[in-house]
Amino acid sequence: TTEIYTLSLHDALPICENDQTNSETEKSEQERNEQERNEQERNERHKKKAQKQKEKVDASIAKATIERGIVIVITGNGKGKSTSGFGTVARCVGHGYKAAVAQFIKGQWDCGERNLLEANGVPFAVMATGFTWETQDRSGDIAAAESVWQEAKKFLADPQYHVVLLDEMTYMLGYDYLNKQEVLDAIRNRPENQTVVITGRGAISELKELADTVSEVKDERSEERRVGKECRSRWS
């Protein structure tokens with residue numbers, strides 16, 4: 001005798017839905033496993049790359065057997081050159097070392113960096129004449145530059161100063177306000193452990209050749225041209 005069994009569609013649906021759920025769960029599990037494998041491989045590649053970089057850096061440090069000050073020139077048409085120089089001075093003072101600053105060109109307006117650093121024992125020699133296109137007095141500018149330079153020379157000859165910032169010095173050399181060779185010799189003959197930072201546009205080639213580090217700041221965007229007025233960044 002042959003028995004015939006029938007299965008309604010309604011009876012079959014739960015089985016189909018369960019199969020689909022199992023399939024989706026399995027697929028999701030596979031995807032998670034694949035993501036974990038990819039992440040592990042990515043981490044391993046990063047670790048190997050970082051290790052190679054560390055070995056390279058460690059080897060370079062091991063070769064550096066001489067400890068001395070350096071000459072840094074920060075030039076270019078972009079903004080931030082003096083800010084960078086003052087940042088180096090602040091770092092020096094923050095580590096308990098002494099620093100000194102000679103400011104050429106600028107100096108007629110209130111200087112936040114000067115207010116802060118002088119209060120922390122940093123001496124300043126300031127030209128205080130403003131920009132040359134404002135003074136329109138070459139002989140007066142030269143005399144003011146020479147006065148500040150005499151103070152700067154004392155900073156450059158004093159081993160107590162770990163960092164000396166010559167802010168906007170490049171203009172003094174470019175305009176022939178100061179004796180070029182005298183300035184270069186003073187920088188070259190400074191105390192061995194003293195670092196000198198020189199800022200300003202148009203650094204002359206002789207100064208760049210003397211420097212250990214030369215950074216050129218690019219003028220990609222200026223708030224004065226874009227906004228048409230001085231922005232808060234001028235004094236904040």
# chains A, B, ... in the order shown; residues from 1 in each chain; ligands from 1

call {"tool": "residues_around", "arguments": {"residues": "segment 158-170 of chain A", "least_positions_apart": "3", "cutoff": "7 Å", "atoms": "only C-alpha atoms", "output": "ChimeraX atom specification"}}
result
/A:82,85,89,92,97-105,154-155,173-174,191,193-203

call {"tool": "write_last_selection", "arguments": {"atoms": "N, CA and C atoms", "output": "PDB file, in the first residue's frame"}}
result
ATOM      1  N   SER A  82      57.988  84.485  11.682  1.00  0.00           N
ATOM      2  CA  SER A  82      58.300  84.959  13.041  1.00  0.00           C
ATOM      3  C   SER A  82      57.622  84.079  14.085  1.00  0.00           C
ATOM      4  N   GLY A  85      59.732  81.138  14.618  1.00  0.00           N
ATOM      5  CA  GLY A  85      60.927  81.492  15.381  1.00  0.00           C
ATOM      6  C   GLY A  85      60.639  81.660  16.859  1.00  0.00           C
ATOM      7  N   VAL A  89      61.887  79.720  20.466  1.00  0.00           N
ATOM      8  CA  VAL A  89      62.315  80.403  21.693  1.00  0.00           C
ATOM      9  C   VAL A  89      61.482  79.918  22.881  1.00  0.00           C
ATOM     10  N   CYS A  92      62.535  76.525  23.982  1.00  0.00           N
ATOM     11  CA  CYS A  92      63.807  76.611  24.706  1.00  0.00           C
ATOM     12  C   CYS A  92      63.585  77.017  26.153  1.00  0.00           C
ATOM     13  N   TYR A  97      66.098  76.520  29.484  1.00  0.00           N
ATOM     14  CA  TYR A  97      67.278  77.174  28.922  1.00  0.00           C
ATOM     15  C   TYR A  97      67.018  78.662  28.713  1.00  0.00           C
ATOM     16  N   LYS A  98      68.084  79.403  28.448  1.00  0.00           N
ATOM     17  CA  LYS A  98      67.962  80.844  28.228  1.00  0.00           C
ATOM     18  C   LYS A  98      67.958  81.150  26.734  1.00  0.00           C
ATOM     19  N   ALA A  99      67.216  82.190  26.378  1.00  0.00           N
ATOM     20  CA  ALA A  99      67.125  82.617  24.985  1.00  0.00           C
ATOM     21  C   ALA A  99      67.127  84.137  24.931  1.00  0.00           C
ATOM     22  N   ALA A 100      67.425  84.672  23.745  1.00  0.00           N
ATOM     23  CA  ALA A 100      67.424  86.118  23.540  1.00  0.00           C
ATOM     24  C   ALA A 100      66.856  86.413  22.159  1.00  0.00           C
ATOM     25  N   VAL A 101      66.282  87.609  22.006  1.00  0.00           N
ATOM     26  CA  VAL A 101      65.620  87.977  20.756  1.00  0.00           C
ATOM     27  C   VAL A 101      66.063  89.356  20.298  1.00  0.00           C
ATOM     28  N   ALA A 102      66.391  89.468  19.003  1.00  0.00           N
ATOM     29  CA  ALA A 102      66.630  90.763  18.363  1.00  0.00           C
ATOM     30  C   ALA A 102      65.596  90.916  17.262  1.00  0.00           C
ATOM     31  N   GLN A 103      64.780  91.968  17.359  1.00  0.00           N
ATOM     32  CA  GLN A 103      63.719  92.194  16.378  1.00  0.00           C
ATOM     33  C   GLN A 103      64.080  93.364  15.469  1.00  0.00           C
ATOM     34  N   PHE A 104      64.205  93.070  14.198  1.00  0.00           N
ATOM     35  CA  PHE A 104      64.450  94.096  13.194  1.00  0.00           C
ATOM     36  C   PHE A 104      63.134  94.392  12.453  1.00  0.00           C
ATOM     37  N   ILE A 105      63.024  95.587  11.882  1.00  0.00           N
ATOM     38  CA  ILE A 105      61.847  96.026  11.114  1.00  0.00           C
ATOM     39  C   ILE A 105      60.637  96.247  12.011  1.00  0.00           C
ATOM     40  N   LYS A 154      76.074  90.841  21.028  1.00  0.00           N
ATOM     41  CA  LYS A 154      76.341  90.424  22.409  1.00  0.00           C
ATOM     42  C   LYS A 154      75.626  89.104  22.706  1.00  0.00           C
ATOM     43  N   PHE A 155      74.392  88.981  22.209  1.00  0.00           N
ATOM     44  CA  PHE A 155      73.654  87.725  22.392  1.00  0.00           C
ATOM     45  C   PHE A 155      74.410  86.571  21.728  1.00  0.00           C
ATOM     46  N   LEU A 173      70.142  92.380   5.653  1.00  0.00           N
ATOM     47  CA  LEU A 173      71.192  91.951   4.736  1.00  0.00           C
ATOM     48  C   LEU A 173      70.806  92.248   3.289  1.00  0.00           C
ATOM     49  N   GLY A 174      69.544  92.032   2.963  1.00  0.00           N
ATOM     50  CA  GLY A 174      69.090  92.285   1.598  1.00  0.00           C
ATOM     51  C   GLY A 174      69.139  93.753   1.223  1.00  0.00           C
ATOM     52  N   PRO A 191      78.963  80.682  20.147  1.00  0.00           N
ATOM     53  CA  PRO A 191      79.260  79.527  21.007  1.00  0.00           C
ATOM     54  C   PRO A 191      78.752  78.223  20.384  1.00  0.00           C
ATOM     55  N   ASN A 193      77.266  75.515  21.316  1.00  0.00           N
ATOM     56  CA  ASN A 193      75.955  74.927  21.621  1.00  0.00           C
ATOM     57  C   ASN A 193      74.791  75.891  21.426  1.00  0.00           C
ATOM     58  N   GLN A 194      75.058  77.008  20.814  1.00  0.00           N
ATOM     59  CA  GLN A 194      74.007  78.013  20.607  1.00  0.00           C
ATOM     60  C   GLN A 194      73.332  77.819  19.242  1.00  0.00           C
ATOM     61  N   THR A 195      72.007  77.832  19.255  1.00  0.00           N
ATOM     62  CA  THR A 195      71.224  77.742  18.022  1.00  0.00           C
ATOM     63  C   THR A 195      70.720  79.129  17.652  1.00  0.00           C
ATOM     64  N   VAL A 196      70.833  79.467  16.370  1.00  0.00           N
ATOM     65  CA  VAL A 196      70.389  80.772  15.878  1.00  0.00           C
ATOM     66  C   VAL A 196      69.253  80.563  14.877  1.00  0.00           C
ATOM     67  N   VAL A 197      68.173  81.293  15.081  1.00  0.00           N
ATOM     68  CA  VAL A 197      67.030  81.248  14.171  1.00  0.00           C
ATOM     69  C   VAL A 197      66.908  82.608  13.497  1.00  0.00           C
ATOM     70  N   ILE A 198      66.909  82.614  12.171  1.00  0.00           N
ATOM     71  CA  ILE A 198      66.818  83.856  11.396  1.00  0.00           C
ATOM     72  C   ILE A 198      65.554  83.813  10.559  1.00  0.00           C
ATOM     73  N   THR A 199      64.729  84.847  10.649  1.00  0.00           N
ATOM     74  CA  THR A 199      63.483  84.868   9.904  1.00  0.00           C
ATOM     75  C   THR A 199      63.431  86.051   8.942  1.00  0.00           C
ATOM     76  N   GLY A 200      62.517  85.961   7.983  1.00  0.00           N
ATOM     77  CA  GLY A 200      62.288  87.064   7.059  1.00  0.00           C
ATOM     78  C   GLY A 200      62.310  86.611   5.609  1.00  0.00           C
ATOM     79  N   ARG A 201      61.690  87.401   4.766  1.00  0.00           N
ATOM     80  CA  ARG A 201      61.664  87.090   3.332  1.00  0.00           C
ATOM     81  C   ARG A 201      63.029  87.309   2.688  1.00  0.00           C
ATOM     82  N   GLY A 202      63.200  86.685   1.547  1.00  0.00           N
ATOM     83  CA  GLY A 202      64.354  86.955   0.688  1.00  0.00           C
ATOM     84  C   GLY A 202      65.710  86.720   1.325  1.00  0.00           C
ATOM     85  N   ALA A 203      65.886  85.619   2.023  1.00  0.00           N
ATOM     86  CA  ALA A 203      67.191  85.317   2.627  1.00  0.00           C
ATOM     87  C   ALA A 203      68.260  85.241   1.541  1.00  0.00           C
TER      88      ALA A 203
END

call {"tool": "select_by_dssp", "arguments": {"residues": "segment 68-155 of chain A", "states": "strand (DSSP E)", "output": "PyMOL selection string"}}
result
chain A and resi 71-75+98-103+124-126

call {"tool": "write_last_selection", "arguments": {"atoms": "N, CA, C and O atoms", "output": "PDB file, in the first residue's frame"}}
result
ATOM      1  N   VAL A  71      72.047  76.480  12.811  1.00  0.00           N
ATOM      2  CA  VAL A  71      71.526  77.722  12.239  1.00  0.00           C
ATOM      3  C   VAL A  71      70.285  77.378  11.428  1.00  0.00           C
ATOM      4  O   VAL A  71      70.324  76.527  10.540  1.00  0.00           O
ATOM      5  N   ILE A  72      69.179  78.025  11.762  1.00  0.00           N
ATOM      6  CA  ILE A  72      67.906  77.786  11.085  1.00  0.00           C
ATOM      7  C   ILE A  72      67.473  79.059  10.378  1.00  0.00           C
ATOM      8  O   ILE A  72      67.376  80.123  11.011  1.00  0.00           O
ATOM      9  N   VAL A  73      67.192  78.966   9.105  1.00  0.00           N
ATOM     10  CA  VAL A  73      66.689  80.105   8.335  1.00  0.00           C
ATOM     11  C   VAL A  73      65.255  79.794   7.919  1.00  0.00           C
ATOM     12  O   VAL A  73      64.992  78.765   7.289  1.00  0.00           O
ATOM     13  N   ILE A  74      64.337  80.669   8.293  1.00  0.00           N
ATOM     14  CA  ILE A  74      62.924  80.515   7.931  1.00  0.00           C
ATOM     15  C   ILE A  74      62.554  81.692   7.036  1.00  0.00           C
ATOM     16  O   ILE A  74      62.418  82.822   7.508  1.00  0.00           O
ATOM     17  N   THR A  75      62.412  81.425   5.756  1.00  0.00           N
ATOM     18  CA  THR A  75      62.209  82.491   4.780  1.00  0.00           C
ATOM     19  C   THR A  75      60.989  82.182   3.909  1.00  0.00           C
ATOM     20  O   THR A  75      60.229  81.261   4.198  1.00  0.00           O
ATOM     21  N   LYS A  98      68.084  79.403  28.448  1.00  0.00           N
ATOM     22  CA  LYS A  98      67.962  80.844  28.228  1.00  0.00           C
ATOM     23  C   LYS A  98      67.958  81.150  26.734  1.00  0.00           C
ATOM     24  O   LYS A  98      68.621  80.484  25.948  1.00  0.00           O
ATOM     25  N   ALA A  99      67.216  82.190  26.378  1.00  0.00           N
ATOM     26  CA  ALA A  99      67.125  82.617  24.985  1.00  0.00           C
ATOM     27  C   ALA A  99      67.127  84.137  24.931  1.00  0.00           C
ATOM     28  O   ALA A  99      66.857  84.812  25.928  1.00  0.00           O
ATOM     29  N   ALA A 100      67.425  84.672  23.745  1.00  0.00           N
ATOM     30  CA  ALA A 100      67.424  86.118  23.540  1.00  0.00           C
ATOM     31  C   ALA A 100      66.856  86.413  22.159  1.00  0.00           C
ATOM     32  O   ALA A 100      66.940  85.582  21.255  1.00  0.00           O
ATOM     33  N   VAL A 101      66.282  87.609  22.006  1.00  0.00           N
ATOM     34  CA  VAL A 101      65.620  87.977  20.756  1.00  0.00           C
ATOM     35  C   VAL A 101      66.063  89.356  20.298  1.00  0.00           C
ATOM     36  O   VAL A 101      66.087  90.301  21.098  1.00  0.00           O
ATOM     37  N   ALA A 102      66.391  89.468  19.003  1.00  0.00           N
ATOM     38  CA  ALA A 102      66.630  90.763  18.363  1.00  0.00           C
ATOM     39  C   ALA A 102      65.596  90.916  17.262  1.00  0.00           C
ATOM     40  O   ALA A 102      65.518  90.081  16.363  1.00  0.00           O
ATOM     41  N   GLN A 103      64.780  91.968  17.359  1.00  0.00           N
ATOM     42  CA  GLN A 103      63.719  92.194  16.378  1.00  0.00           C
ATOM     43  C   GLN A 103      64.080  93.364  15.469  1.00  0.00           C
ATOM     44  O   GLN A 103      64.210  94.498  15.916  1.00  0.00           O
ATOM     45  N   PHE A 124      65.135  91.357  25.036  1.00  0.00           N
ATOM     46  CA  PHE A 124      64.799  91.764  23.672  1.00  0.00           C
ATOM     47  C   PHE A 124      65.599  92.999  23.289  1.00  0.00           C
ATOM     48  O   PHE A 124      65.763  93.922  24.093  1.00  0.00           O
ATOM     49  N   ALA A 125      66.050  93.026  22.049  1.00  0.00           N
ATOM     50  CA  ALA A 125      66.594  94.239  21.437  1.00  0.00           C
ATOM     51  C   ALA A 125      65.692  94.528  20.246  1.00  0.00           C
ATOM     52  O   ALA A 125      65.576  93.708  19.337  1.00  0.00           O
ATOM     53  N   VAL A 126      65.016  95.681  20.258  1.00  0.00           N
ATOM     54  CA  VAL A 126      63.969  95.946  19.283  1.00  0.00           C
ATOM     55  C   VAL A 126      64.292  97.198  18.469  1.00  0.00           C
ATOM     56  O   VAL A 126      64.553  98.261  19.025  1.00  0.00           O
TER      57      VAL A 126
END

call {"tool": "closest_residue", "arguments": {"among": "A:Glu146, A:Ser23, A:Lys52, A:Asp212", "to": "Val183 of chain A", "atoms": "only C-alpha atoms"}}
result
A:Glu146
